[in-house]
Each structure stands twice: as C-alpha cells, then as structure tokens.
file protein00.txt (compact mmCIF, C-alpha atoms)
# COMPACT_ATOMS: atom_id res chain seq x y z
CA MET A 1 18.10 -10.33 -37.76
CA SER A 2 14.95 -9.04 -39.26
CA GLU A 3 14.06 -5.46 -38.72
CA GLU A 4 10.34 -5.96 -38.85
CA TYR A 5 7.66 -5.79 -36.22
CA SER A 6 3.89 -5.76 -36.18
CA VAL A 7 1.44 -2.94 -35.96
CA GLU A 8 -2.26 -2.95 -35.31
CA ILE A 9 -4.56 0.00 -35.69
CA VAL A 10 -8.00 -0.25 -34.12
CA ASN A 11 -10.86 2.18 -34.04
CA PRO A 12 -14.03 1.71 -32.03
CA GLU A 13 -15.87 0.11 -34.93
CA LYS A 14 -13.32 -2.42 -36.00
CA SER A 15 -9.73 -3.43 -36.31
CA PHE A 16 -8.67 -1.02 -39.01
CA LEU A 17 -5.32 -2.37 -40.06
CA SER A 18 -2.94 -5.07 -39.03
CA LYS A 19 0.51 -5.60 -40.49
CA ASN A 20 3.42 -7.83 -39.67
CA ASP A 21 6.14 -6.53 -41.92
CA VAL A 22 6.59 -3.00 -40.69
CA THR A 23 10.03 -1.51 -40.48
CA GLU A 24 9.21 1.93 -39.15
CA VAL A 25 6.17 3.85 -37.99
CA VAL A 26 6.14 7.60 -37.52
CA VAL A 27 3.39 8.82 -35.23
CA PRO A 28 2.39 12.38 -34.31
CA ALA A 29 2.79 12.10 -30.54
CA PHE A 30 1.64 14.88 -28.31
CA GLU A 31 5.09 16.30 -27.79
CA GLY A 32 6.36 15.81 -31.30
CA GLU A 33 6.70 13.12 -33.89
CA ILE A 34 8.16 9.81 -32.84
CA GLY A 35 9.64 7.28 -35.19
CA ILE A 36 9.44 3.78 -33.86
CA LEU A 37 11.83 1.08 -35.00
CA LYS A 38 12.11 -2.50 -33.92
CA ASP A 39 13.08 -3.12 -30.28
CA HIS A 40 12.02 0.29 -29.16
CA ILE A 41 11.56 0.56 -25.39
CA SER A 42 8.00 -0.03 -24.19
CA ILE A 43 6.18 3.22 -24.52
CA ILE A 44 2.72 4.68 -24.02
CA SER A 45 1.88 8.01 -25.47
CA PHE A 46 -1.04 9.83 -26.94
CA LEU A 47 -1.42 11.44 -30.28
CA LYS A 48 -2.36 14.81 -31.55
CA PRO A 49 -4.10 15.25 -34.90
CA GLY A 50 -1.64 14.42 -37.61
CA ILE A 51 -0.32 11.91 -40.08
CA ILE A 52 0.77 8.40 -39.25
CA LYS A 53 3.34 7.04 -41.67
CA ILE A 54 3.90 3.33 -41.91
CA PHE A 55 6.94 2.03 -43.74
CA SER A 56 6.94 -1.60 -44.63
CA LYS A 57 8.47 -3.94 -47.17
CA SER A 58 5.45 -3.50 -49.37
CA GLY A 59 5.72 0.28 -49.42
CA GLU A 60 4.71 3.34 -47.54
CA GLU A 61 1.25 4.21 -46.27
CA SER A 62 -0.06 7.35 -44.64
CA PHE A 63 -3.13 7.90 -42.51
CA TYR A 64 -4.75 10.91 -40.99
CA VAL A 65 -5.71 10.48 -37.32
CA ASN A 66 -7.75 12.75 -35.15
CA ASP A 67 -6.51 11.58 -31.80
CA GLY A 68 -5.38 8.37 -30.25
CA ILE A 69 -3.16 6.43 -27.96
CA ILE A 70 -0.22 4.28 -28.88
CA GLU A 71 1.26 1.46 -26.95
CA PHE A 72 4.46 -0.26 -27.94
CA LYS A 73 5.44 -3.43 -26.20
CA ASP A 74 7.37 -6.56 -27.18
CA ASN A 75 7.59 -5.38 -30.75
CA ASN A 76 3.86 -4.91 -31.01
CA LEU A 77 2.58 -1.48 -31.73
CA SER A 78 -1.08 -0.81 -30.98
CA ILE A 79 -2.67 2.39 -32.11
CA LEU A 80 -6.11 3.24 -30.78
CA THR A 81 -7.91 6.06 -32.47
CA SER A 82 -11.43 7.32 -32.80
CA LEU A 83 -11.08 8.62 -36.34
CA ILE A 84 -8.66 7.41 -38.96
CA LEU A 85 -8.59 7.97 -42.70
CA ASN A 86 -6.32 6.50 -45.33
CA LEU A 87 -4.71 9.33 -47.24
CA LYS A 88 -4.81 7.34 -50.43
CA ASP A 89 -8.56 7.19 -50.74
CA ILE A 90 -9.49 10.22 -48.77
CA ASP A 91 -12.11 12.50 -50.21
CA LYS A 92 -11.80 16.23 -50.15
CA GLU A 93 -15.32 16.81 -48.91
CA LYS A 94 -14.74 14.82 -45.76
CA ILE A 95 -11.61 16.83 -45.05
CA SER A 96 -13.31 20.16 -45.48
CA GLU A 97 -16.14 18.90 -43.31
CA ILE A 98 -13.77 18.11 -40.45
CA GLN A 99 -11.97 21.36 -41.09
CA LYS A 100 -15.16 23.33 -40.82
CA SER A 101 -16.24 21.75 -37.56
CA ALA A 102 -12.76 22.32 -36.13
CA GLU A 103 -12.95 25.97 -37.10
CA GLU A 104 -16.32 26.32 -35.44
CA GLU A 105 -14.96 24.68 -32.34
CA LEU A 106 -12.04 27.06 -32.32
CA ASN A 107 -14.33 30.06 -32.36
CA LYS A 108 -16.07 29.01 -29.19
CA SER A 109 -15.07 31.11 -26.24
CA ASP A 110 -14.90 28.46 -23.58
CA ILE A 111 -12.00 26.35 -24.76
CA ASN A 112 -8.82 25.95 -22.82
CA ASP A 113 -5.28 26.24 -24.05
CA GLN A 114 -4.76 22.56 -24.61
CA GLU A 115 -7.89 22.22 -26.70
CA LYS A 116 -6.91 25.26 -28.68
CA TYR A 117 -3.49 23.84 -29.32
CA LEU A 118 -4.97 20.57 -30.54
CA LEU A 119 -7.43 22.32 -32.80
CA ASP A 120 -4.74 24.51 -34.27
CA GLN A 121 -2.70 21.44 -35.00
CA LYS A 122 -5.68 19.78 -36.60
CA LEU A 123 -6.33 22.68 -38.93
CA GLU A 124 -2.71 22.90 -39.91
CA VAL A 125 -2.57 19.24 -40.82
CA LEU A 126 -5.85 19.36 -42.68
CA LYS A 127 -4.70 22.34 -44.69
CA SER A 128 -1.52 20.58 -45.63
CA ILE A 129 -3.52 17.62 -46.94
CA ASN A 130 -5.94 19.68 -48.91
CA MET U 1 -70.64 -20.51 -29.85
CA ALA U 2 -69.20 -18.05 -32.36
CA SER U 3 -70.78 -18.09 -35.76
CA LEU U 4 -68.98 -19.40 -38.80
CA ASP U 5 -68.40 -15.93 -40.14
CA ASP U 6 -66.84 -14.74 -36.90
CA LEU U 7 -64.49 -17.69 -36.84
CA LYS U 8 -63.47 -17.07 -40.40
CA LYS U 9 -62.63 -13.47 -39.58
CA ARG U 10 -60.61 -14.44 -36.55
CA ILE U 11 -58.60 -16.97 -38.48
CA SER U 12 -57.70 -14.49 -41.16
CA SER U 13 -56.76 -11.86 -38.62
CA VAL U 14 -54.48 -14.23 -36.74
CA LYS U 15 -52.97 -15.25 -40.04
CA SER U 16 -52.11 -11.69 -40.96
CA THR U 17 -50.59 -11.10 -37.53
CA GLN U 18 -48.50 -14.16 -38.12
CA LYS U 19 -47.28 -12.71 -41.38
CA ILE U 20 -46.14 -9.57 -39.59
CA THR U 21 -44.32 -11.39 -36.81
CA LYS U 22 -42.67 -13.64 -39.35
CA ALA U 23 -41.43 -10.64 -41.32
CA MET U 24 -40.18 -8.98 -38.14
CA LYS U 25 -38.30 -12.11 -37.25
CA MET U 26 -36.58 -12.15 -40.62
CA VAL U 27 -35.61 -8.50 -40.30
CA ALA U 28 -34.32 -9.04 -36.78
CA ALA U 29 -32.30 -12.02 -37.90
CA ALA U 30 -30.65 -10.02 -40.64
CA LYS U 31 -29.95 -7.10 -38.33
CA LEU U 32 -28.71 -9.41 -35.64
CA ARG U 33 -25.96 -10.74 -37.82
CA ARG U 34 -24.71 -7.26 -38.51
CA ALA U 35 -25.02 -6.15 -34.90
CA GLN U 36 -23.20 -9.21 -33.73
CA GLU U 37 -20.39 -8.60 -36.18
CA ASN U 38 -20.11 -5.03 -35.01
CA ALA U 39 -20.03 -6.08 -31.39
CA GLU U 40 -17.25 -8.49 -32.11
CA LYS U 41 -15.30 -5.99 -34.15
CA GLY U 42 -15.60 -3.44 -31.39
CA ARG U 43 -14.09 -5.67 -28.78
CA PRO U 44 -10.37 -5.27 -29.61
CA TYR U 45 -10.59 -1.52 -29.10
CA SER U 46 -12.15 -1.63 -25.68
CA ASP U 47 -9.95 -4.53 -24.60
CA LYS U 48 -6.80 -2.73 -25.65
CA MET U 49 -7.98 0.45 -24.01
CA ASN U 50 -8.63 -1.43 -20.81
CA ASN U 51 -5.20 -3.02 -20.92
CA ILE U 52 -3.42 0.24 -21.36
CA ILE U 53 -5.32 1.81 -18.51
CA LEU U 54 -4.58 -1.09 -16.24
CA ASN U 55 -0.90 -0.84 -17.10
CA LEU U 56 -1.00 2.86 -16.48
CA SER U 57 -2.81 2.70 -13.19
CA ASN U 58 -0.31 0.08 -12.06
CA GLY U 59 2.43 2.55 -12.70
CA ILE U 60 0.85 5.37 -10.74
CA SER U 61 2.87 5.85 -7.61
CA ASP U 62 0.82 8.12 -5.39
CA ILE U 63 -2.85 7.26 -5.29
CA GLU U 64 -3.64 10.56 -3.57
CA ASN U 65 -2.98 12.59 -6.66
CA ALA U 66 -4.45 10.18 -9.14
CA PRO U 67 -7.12 11.59 -11.41
CA LYS U 68 -10.56 11.66 -9.82
CA LEU U 69 -12.03 9.59 -12.62
CA LEU U 70 -9.81 6.73 -11.53
CA SER U 71 -9.88 7.02 -7.77
CA GLY U 72 -13.31 8.53 -7.28
CA THR U 73 -14.25 11.51 -5.20
CA GLY U 74 -13.70 9.57 -2.03
CA GLU U 75 -17.38 9.77 -1.24
CA ASP U 76 -20.30 7.53 -1.93
CA LYS U 77 -23.34 9.72 -1.67
CA VAL U 78 -24.72 10.43 -5.09
CA HIS U 79 -25.10 7.65 -7.60
CA LEU U 80 -25.64 8.27 -11.27
CA CYS U 81 -27.14 5.43 -13.24
CA VAL U 82 -27.08 5.30 -17.00
CA VAL U 83 -29.81 2.93 -18.09
CA MET U 84 -29.45 1.85 -21.70
CA THR U 85 -32.50 0.47 -23.44
CA SER U 86 -33.87 0.27 -26.94
CA ASP U 87 -35.95 2.79 -28.85
CA ARG U 88 -38.37 0.22 -30.15
CA GLY U 89 -40.62 -2.25 -28.49
CA LEU U 90 -41.68 -5.76 -29.43
CA CYS U 91 -38.44 -7.28 -28.36
CA GLY U 92 -39.51 -9.65 -25.63
CA GLY U 93 -38.05 -9.21 -22.18
CA PHE U 94 -35.15 -7.13 -23.40
CA ASN U 95 -36.08 -3.80 -21.85
CA THR U 96 -37.88 -5.30 -18.88
CA ASN U 97 -34.79 -7.23 -17.88
CA ILE U 98 -32.57 -4.17 -17.82
CA ILE U 99 -35.18 -2.17 -15.95
CA LYS U 100 -35.64 -4.94 -13.42
CA LYS U 101 -31.93 -5.06 -12.77
CA ALA U 102 -31.76 -1.29 -12.54
CA LYS U 103 -34.74 -1.06 -10.20
CA LEU U 104 -33.11 -3.48 -7.77
CA TYR U 105 -30.05 -1.29 -7.72
CA PHE U 106 -32.11 1.88 -7.33
CA GLN U 107 -33.96 0.42 -4.39
CA LYS U 108 -30.73 -0.56 -2.70
CA ILE U 109 -29.33 2.91 -3.08
CA LEU U 110 -32.46 4.64 -1.88
CA ASP U 111 -32.69 2.29 1.11
CA GLU U 112 -29.19 3.29 2.09
CA GLY U 113 -30.30 6.89 2.09
CA LYS U 114 -28.17 7.92 -0.86
CA THR U 115 -29.14 10.21 -3.68
CA LEU U 116 -30.04 8.73 -7.00
CA LYS U 117 -29.79 10.32 -10.42
CA ILE U 118 -30.77 8.62 -13.63
CA ILE U 119 -29.89 9.13 -17.25
CA THR U 120 -31.90 7.06 -19.68
CA VAL U 121 -30.60 6.17 -23.10
CA GLY U 122 -33.34 4.96 -25.39
CA THR U 123 -37.01 5.87 -25.15
CA LYS U 124 -38.31 2.56 -23.81
CA GLY U 125 -36.33 2.83 -20.62
CA TYR U 126 -37.68 6.28 -20.00
CA ASP U 127 -41.25 5.10 -20.53
CA GLN U 128 -40.85 2.35 -17.99
CA LEU U 129 -39.03 4.38 -15.37
CA LYS U 130 -40.88 7.66 -15.50
CA ARG U 131 -43.77 6.53 -13.33
CA LEU U 132 -41.71 5.36 -10.37
CA TYR U 133 -38.56 7.40 -10.70
CA GLY U 134 -39.69 10.29 -12.87
CA ASP U 135 -38.27 12.92 -10.54
CA LYS U 136 -34.88 11.21 -10.46
CA ILE U 137 -34.35 11.27 -14.19
CA ILE U 138 -32.07 14.16 -14.98
CA GLU U 139 -31.47 13.52 -18.63
CA ARG U 140 -32.88 11.40 -21.38
CA ILE U 141 -31.11 10.63 -24.56
CA SER U 142 -32.35 8.86 -27.62
CA PHE U 143 -30.61 7.96 -30.82
CA LYS U 144 -33.68 7.20 -32.82
CA GLU U 145 -32.36 9.19 -35.76
CA SER U 146 -29.03 7.48 -36.13
CA LYS U 147 -29.46 4.26 -38.02
CA ASN U 148 -26.25 2.63 -36.97
CA ILE U 149 -24.57 2.76 -33.67
CA ASN U 150 -21.56 4.96 -34.00
CA TYR U 151 -18.83 6.05 -31.70
CA PHE U 152 -19.83 9.69 -31.80
CA ASP U 153 -23.20 8.98 -30.22
CA ALA U 154 -21.45 7.13 -27.43
CA ASP U 155 -19.01 9.97 -27.11
CA LYS U 156 -21.92 12.37 -26.63
CA VAL U 157 -23.22 10.33 -23.71
CA GLY U 158 -19.70 10.03 -22.33
CA LYS U 159 -19.21 13.79 -22.49
CA ILE U 160 -22.44 14.41 -20.62
CA VAL U 161 -21.37 12.01 -17.89
CA ILE U 162 -17.92 13.56 -17.58
CA GLU U 163 -19.29 17.07 -17.57
CA LYS U 164 -21.58 16.18 -14.70
CA PHE U 165 -18.75 14.51 -12.87
CA GLU U 166 -16.57 17.57 -13.19
CA LYS U 167 -19.37 19.67 -11.77
CA LYS U 168 -19.36 17.24 -8.86
CA GLU U 169 -22.96 16.26 -9.44
CA PHE U 170 -22.33 12.63 -8.53
CA ASP U 171 -19.74 10.35 -6.95
CA ILE U 172 -20.33 7.00 -8.54
CA CYS U 173 -21.56 6.15 -12.00
CA ALA U 174 -22.87 2.81 -13.20
CA ILE U 175 -24.23 1.76 -16.56
CA PHE U 176 -26.90 -0.84 -17.18
CA TYR U 177 -27.08 -2.79 -20.38
CA ASN U 178 -27.71 -6.25 -21.75
CA GLN U 179 -24.70 -8.33 -22.54
CA PHE U 180 -25.11 -10.45 -25.62
CA LYS U 181 -24.37 -14.09 -24.99
CA ASN U 182 -26.32 -15.77 -27.71
CA VAL U 183 -29.64 -15.40 -29.47
CA ILE U 184 -31.58 -16.89 -26.61
CA THR U 185 -29.62 -15.54 -23.66
CA GLN U 186 -28.89 -11.95 -22.90
CA ILE U 187 -27.54 -11.10 -19.50
CA PRO U 188 -28.55 -7.79 -17.93
CA LYS U 189 -25.40 -6.24 -16.57
CA GLU U 190 -24.45 -3.47 -14.24
CA GLN U 191 -21.03 -1.97 -14.65
CA GLN U 192 -19.40 0.74 -12.62
CA ILE U 193 -17.46 3.16 -14.79
CA ILE U 194 -16.63 5.94 -12.31
CA PRO U 195 -14.51 5.39 -10.32
CA LEU U 196 -12.94 2.82 -12.54
CA ASN U 197 -13.12 -0.67 -11.24
CA THR U 198 -9.53 -1.85 -11.12
CA SER U 199 -10.12 -5.04 -9.23
CA GLU U 200 -9.12 -7.07 -12.26
CA LYS U 201 -5.75 -5.47 -11.94
CA GLU U 202 -4.37 -8.31 -9.85
CA GLU U 203 -4.52 -10.99 -12.51
CA ASN U 204 -3.01 -8.73 -15.04
CA SER U 205 -0.20 -7.17 -13.11
CA SER U 206 2.62 -7.28 -15.55
CA GLU U 207 5.73 -5.63 -14.23
CA ASP U 208 6.42 -3.65 -17.33
CA ASN U 209 8.42 -0.53 -17.28
CA TYR U 210 6.91 1.78 -19.76
CA GLU U 211 8.29 4.99 -20.98
CA PHE U 212 5.65 7.65 -20.84
CA GLU U 213 5.42 10.68 -22.95
CA PRO U 214 4.16 13.04 -21.56
CA GLU U 215 3.87 12.22 -17.86
CA GLU U 216 1.74 9.34 -16.60
CA ASP U 217 -0.92 11.44 -14.98
CA GLU U 218 -1.29 13.57 -18.06
CA ILE U 219 -1.83 10.54 -20.23
CA LEU U 220 -4.22 9.10 -17.70
CA SER U 221 -6.30 12.23 -17.44
CA ASN U 222 -6.49 12.26 -21.21
CA LEU U 223 -7.26 8.59 -21.48
CA LEU U 224 -9.88 8.14 -18.79
CA PRO U 225 -12.60 10.25 -20.41
CA LYS U 226 -12.00 8.33 -23.63
CA ASN U 227 -12.32 5.11 -21.75
CA ILE U 228 -15.73 6.13 -20.47
CA SER U 229 -16.96 6.79 -23.98
CA THR U 230 -15.45 3.50 -25.05
CA GLN U 231 -17.20 1.60 -22.30
CA ILE U 232 -20.50 3.24 -23.20
CA PHE U 233 -19.91 2.43 -26.84
CA LYS U 234 -19.21 -1.16 -25.98
CA ALA U 235 -22.41 -1.29 -23.95
CA MET U 236 -24.33 0.17 -26.88
CA LEU U 237 -22.95 -2.45 -29.24
CA GLU U 238 -23.75 -5.27 -26.87
CA ASN U 239 -27.16 -3.80 -26.35
CA SER U 240 -28.00 -3.60 -30.02
CA ALA U 241 -26.96 -7.19 -30.63
CA SER U 242 -29.02 -8.24 -27.62
CA GLU U 243 -32.02 -6.24 -28.78
CA GLN U 244 -32.06 -7.93 -32.16
CA GLY U 245 -31.48 -11.34 -30.63
CA SER U 246 -34.25 -10.81 -28.15
CA ARG U 247 -36.61 -9.53 -30.82
CA MET U 248 -35.82 -12.46 -33.04
CA SER U 249 -36.66 -15.05 -30.42
CA ALA U 250 -39.73 -13.11 -29.29
CA MET U 251 -41.03 -12.93 -32.85
CA ASP U 252 -40.21 -16.57 -33.42
CA ASN U 253 -42.35 -17.46 -30.42
CA ALA U 254 -45.12 -15.17 -31.58
CA THR U 255 -45.13 -16.78 -35.00
CA ARG U 256 -45.34 -20.22 -33.48
CA ASN U 257 -48.13 -19.19 -31.13
CA ALA U 258 -50.07 -17.70 -33.99
CA GLY U 259 -49.69 -20.97 -35.89
CA GLU U 260 -51.08 -22.91 -32.95
CA MET U 261 -53.97 -20.51 -32.67
CA VAL U 262 -54.78 -20.81 -36.36
CA ASP U 263 -54.83 -24.61 -36.00
CA LYS U 264 -57.17 -24.47 -33.04
CA LEU U 265 -59.51 -22.03 -34.69
CA THR U 266 -59.55 -24.06 -37.89
CA ILE U 267 -60.62 -27.16 -35.95
CA GLU U 268 -63.33 -25.16 -34.24
CA TYR U 269 -64.44 -23.75 -37.57
CA ASN U 270 -64.62 -27.17 -39.18
CA ARG U 271 -66.54 -28.61 -36.22
CA SER U 272 -69.15 -25.92 -36.21
CA ARG U 273 -69.55 -26.15 -39.98
CA GLN U 274 -70.06 -29.89 -39.64
CA ALA U 275 -72.52 -29.29 -36.82
CA ALA U 276 -74.51 -26.92 -39.00
CA ILE U 277 -74.62 -29.46 -41.82
CA THR U 278 -75.72 -32.24 -39.46
CA LYS U 279 -78.42 -30.00 -38.03
CA GLU U 280 -79.75 -29.22 -41.46
CA LEU U 281 -79.78 -32.92 -42.40
CA ILE U 282 -81.67 -33.84 -39.25
CA GLU U 283 -84.21 -31.15 -40.01
CA ILE U 284 -84.72 -32.43 -43.55
CA ILE U 285 -84.98 -36.08 -42.47
CA SER U 286 -87.37 -35.43 -39.64
CA GLY U 287 -89.41 -33.21 -41.94
CA ALA U 288 -89.62 -36.04 -44.51
CA GLU U 289 -90.51 -38.60 -41.84
CA SER U 290 -93.43 -36.56 -40.52
CA LEU U 291 -95.10 -36.56 -43.93
call {"tool": "encode", "arguments": {"input": "protein00.txt", "output": "structure tokens"}}
result
Amino acid sequence: MSEEYSVEIVNPEKSFLSKNDVTEVVVPAFEGEIGILKDHISIISFLKPGIIKIFSKSGEESFYVNDGIIEFKDNNLSILTSLILNLKDIDKEKISEIQKSAEEELNKSDINDQEKYLLDQKLEVLKSIN
Amino acid sequence: MASLDDLKKRISSVKSTQKITKAMKMVAAAKLRRAQENAEKGRPYSDKMNNIILNLSNGISDIENAPKLLSGTGEDKVHLCVVMTSDRGLCGGFNTNIIKKAKLYFQKILDEGKTLKIITVGTKGYDQLKRLYGDKIIERISFKESKNINYFDADKVGKIVIEKFEKKEFDICAIFYNQFKNVITQIPKEQQIIPLNTSEKEENSSEDNYEFEPEEDEILSNLLPKNISTQIFKAMLENSASEQGSRMSAMDNATRNAGEMVDKLTIEYNRSRQAAITKELIEIISGAESL
C-alpha cells in the first residue's frame, strides 16, 4: 500500500502549493508540532508561527507560516494561511521586516497573553531562520 | 445652423473624447483579466474556510455558549452595513447599483425603527451616500494608495468590524458588493457576515468526527474573525473584477456612441458645406444673368 497522500496549501491570493506524493507533513500546531502520516484521523487545528515541513518522494521542503488552519480528512490535508514563504527562496530583508513589526507589536501595552505567546513564538522562529 | 468652423471643432472634440474612452477600455480590459484571475484564485481559500467553519459549527454541541460571532448577540437592533464601492468613477452603473441595493436595505431597516450604521469602503460610495445618510456613516475607508488588492487591506477592514462588534456597537453586519458574473453582468449582492449565516449547513451536513486540537470553541473563536476578513477579501476581489468589467463595457458603449456622433456631425458638416457652395453658385449665376 502506498504511503502517500495529498496536500494543498492555499493563501488568500491563490492556491500556493498542491502535491500528491507526500509521505509526511510536520505542522506547527498551536499546542505543539504535529506530524501527519497517511490515514491520520480527521483533524482540525490551527497553527502558530513556525515552519511547515513537507516530506515527499521528490525531497523535503520547508515553509515559514505566520498563522493558519489545517484540516485533514480522507487523506487530504488542507492548509489555509495568510502568509507563507518558501524557505528556499526567502530573502533576509523580508524576514527582518516581519521581525521588526512583530517586535513593535510586542512592545504595545494592550496585548493579551495569547497574542504575546504567539508573537514570542514568531520572533523565536524568525531568529532561528536568520 | 452652426457654422462650418463650429462643426469642425465639435467633430475634432468628439474624436479626441473617443480616443480617451477607447484607451480606457483597453486599460480596463487588461486589468479585468488580471482581476478576474485573482478572483478565481482567491476562491479556494474562502471556500475551504467556509467548509471548515461549517464542519466546526456542526460539531458544536451547546449553541448557548457558542461564540457570539457565530450565534449573534441575540438581538436585532443595530445594523452595521459595509458598503464596498470603487475609488474611481467612469465605470457605468457599477457604484450606482451597489448604492441602490444598499439604500433599499437601509430604508427597510429605518422603517423598522432600527439603528443603522454605515462603513463605506471606497470613495465613490461615500460621495453618493453622504447626502442622504451622512450622519449614519461612522467610518470611511479607502485603499486608493494600494495598487493591488491584498489580504492585509481586507484584514484591516475585518479588524475594524470585529473591534466594533466586541464593543457591542452593533448586532448584525452585512456587506454590499458586486458579484462578478461576466463582463456584461455584475450582480449587486448583500451578504450577512455577523452572525454567520449557516443556513447552507443543511446541504453540507457531513457526519464527520473530527479530532480537534485545541478545543472546538477555541478554534472557532480563532477562526471566525479570520473568516470575516476572508469574506471581505472575497468581496473586494469580486468587486474589483466587476469594476473593471463594468468600466470596460461602459467605455465600449461610450466609444461607439462617440463614433455615431462623429458620423452624424460629419454628415451635417458636409451638407452645410455643400449648401454654402450651392449658395455661392446661385449668387454668381444670378449675378451673371442680370448683366
């Protein structure tokens, strides 16, 4: 039996990526990273800023996501996200730009704990990329 | 009858107007293709988002504790209308159609004695509404500076709406936009986004047992604000495709009308020139005869 399933990543502007030969996807879910293999139970979860890793026959790809929702059902994984960047062709300036705006956001006084947690996560991830 | 010189001037002025409308049509046609592509590309996201929300709201067991964005405040007193129009004119009935639709809705709400609040997106809508409903407009937003429609602009509008909802400034929110059908037809649409309209739920009720991480309500409360931005974004995409389509057909008509006008004026010009020649001839002949 094949161990492959399909994944589709969409952002508001377009369908970002669609693959049929994926063996494993690791997503930064809100409560920790989840690795999804074929025949995983149907799941809905949302993402925190982090790295999505996609393992397929043709190799491994990594993407940075800002936020998002994942839905896995009948061996179809959909990832909805508002901002996604391929780590392969990412440019440093863009990263530091996001980093800066996140830092500014963090310095605002009126943010709640959850927002703070998300922003901290974001900065950590961005630093690790840079 | 206008003199020959006047006619000549009018013909050339109509001709230069025709040149402008023709150029605008070309530009609109080029932009339309892009806008249409964008609108089509944007659909999977909003469709998927909708699906997930429907699945989620199916799974919610007690409606009482469901997030307010889904179930509403339980009241129906204050309506917030987001009217989305273009920033530029010369696009036929595009803006007028949305405004007409919106005005009908406004009138209904006011007749029922409810409170009305308006947010306008795009300057043209504000211009048309300010005379009648100027005091009802609480916010006006324009994205004149941003060349392309992007999600972050939509997100800004969405955040404003949600902020106002959390402050309990309104109970029901509807957006007005033009849905793009094809170049000739755009359908003005009204869509309720708060509370979410889950009437389509029935057809789609798949009995799936999802695993949720974290809890359902937490995901929902995280997802619903995003959905609002997504819906607004979708409306913006549809709107921009409609605007270009509408402008294209309006400019096409204008070009054709200008052509007709040039033809008519040319005939008139030729006739009066001929008349002048005939008159001169008659004068010469009768002058010669009297000798």
call {"tool": "interface_residues", "arguments": {"input": "protein00.txt", "of": "chain U", "to": "chain A", "cutoff": "10 Å", "atoms": "only C-alpha atoms", "output": "ChimeraX atom specification"}}
result
/U:37-46,48-49,51-52,55-56,149-152,155,208-216,218-220,222-223,226,229-230,233-234,237
call {"tool": "atom_distance", "arguments": {"input": "protein00.txt", "atom1": "CA of Asn227 (chain U)", "atom2": "CA of Gln186 (chain U)"}}
result
23.8 Å
call {"tool": "closest_residue", "arguments": {"input": "protein00.txt", "among": "A:Ile95, A:Leu77, A:Ile34, A:Val125", "to": "Leu17 (chain A)", "atoms": "all atoms listed in the file"}}
result
A:Leu77
call {"tool": "atom_distance", "arguments": {"input": "protein00.txt", "atom1": "CA of Phe180 (chain U)", "atom2": "CA of Glu238 (chain U)"}}
result
5.5 Å
call {"tool": "residues_around", "arguments": {"input": "protein00.txt", "residues": "Gln191 (chain U)", "least_positions_apart": "6", "cutoff": "7 Å", "atoms": "only C-alpha atoms", "output": "list in words"}}
result
Ala174, Ile175 and Phe176 of chain U
call {"tool": "write_last_selection", "arguments": {"input": "protein00.txt", "atoms": "C-alpha atoms", "output": "mmCIF file, in the coordinates of the input"}}
result
data_model
loop_
_atom_site.group_PDB
_atom_site.id
_atom_site.type_symbol
_atom_site.label_atom_id
_atom_site.label_comp_id
_atom_site.auth_asym_id
_atom_site.auth_seq_id
_atom_site.Cartn_x
_atom_site.Cartn_y
_atom_site.Cartn_z
ATOM 1 C CA ALA U 174 -22.870 2.810 -13.200
ATOM 2 C CA ILE U 175 -24.230 1.760 -16.560
ATOM 3 C CA PHE U 176 -26.900 -0.840 -17.180
#
call {"tool": "residues_near_point", "arguments": {"input": "protein00.txt", "point": "(-49.5, -18.6, -39.5)", "cutoff": "7 Å", "atoms": "only C-alpha atoms", "output": "compact mmCIF listing (two decimals) with C-alpha atoms, in the frame of the given file"}}
result
# COMPACT_ATOMS: atom_id res chain seq x y z
CA LYS U 15 -52.97 -15.25 -40.04
CA GLN U 18 -48.50 -14.16 -38.12
CA LYS U 19 -47.28 -12.71 -41.38
CA THR U 255 -45.13 -16.78 -35.00
CA ALA U 258 -50.07 -17.70 -33.99
CA GLY U 259 -49.69 -20.97 -35.89
CA VAL U 262 -54.78 -20.81 -36.36
call {"tool": "closest_residue", "arguments": {"input": "protein00.txt", "among": "A:Glu3, A:Ser62, A:Gly35, A:Lys122", "to": "Asp89 (chain A)", "atoms": "all atoms listed in the file"}}
result
A:Ser62
call {"tool": "residues_around", "arguments": {"input": "protein00.txt", "residues": "Phe63 (chain A)", "least_positions_apart": "4", "cutoff": "9 Å", "atoms": "only C-alpha atoms", "output": "PDB file with C-alpha atoms, keeping the file's coordinate frame"}}
result
ATOM      1  CA  GLY A  50      -1.640  14.420 -37.610  1.00  0.00           C
ATOM      2  CA  ILE A  51      -0.320  11.910 -40.080  1.00  0.00           C
ATOM      3  CA  ILE A  52       0.770   8.400 -39.250  1.00  0.00           C
ATOM      4  CA  LYS A  53       3.340   7.040 -41.670  1.00  0.00           C
ATOM      5  CA  ILE A  54       3.900   3.330 -41.910  1.00  0.00           C
ATOM      6  CA  ILE A  84      -8.660   7.410 -38.960  1.00  0.00           C
ATOM      7  CA  LEU A  85      -8.590   7.970 -42.700  1.00  0.00           C
ATOM      8  CA  ASN A  86      -6.320   6.500 -45.330  1.00  0.00           C
ATOM      9  CA  LEU A  87      -4.710   9.330 -47.240  1.00  0.00           C
ATOM     10  CA  LYS A  88      -4.810   7.340 -50.430  1.00  0.00           C
TER      11      LYS A  88
END
call {"tool": "closest_residue", "arguments": {"input": "protein00.txt", "among": "A:Tyr64, A:Lys48, A:Lys127, A:Lys94", "to": "Glu115 (chain A)", "atoms": "only C-alpha atoms"}}
result
A:Lys48
call {"tool": "residues_around", "arguments": {"input": "protein00.txt", "residues": "region 28-33 of chain U", "least_positions_apart": "2", "cutoff": "9 Å", "atoms": "all atoms listed in the file", "output": "ChimeraX atom specification"}}
result
/U:23-26,35-38,183,240-248,251
call {"tool": "closest_residue", "arguments": {"input": "protein00.txt", "among": "U:His79, U:Asp87, U:Ile284, U:Asp47", "to": "Lys147 (chain U)", "atoms": "only C-alpha atoms"}}
result
U:Asp87
call {"tool": "closest_residue", "arguments": {"input": "protein00.txt", "among": "A:Asp120, A:Asp110, A:Glu105, A:Asp74", "to": "His40 (chain A)", "atoms": "only C-alpha atoms"}}
result
A:Asp74
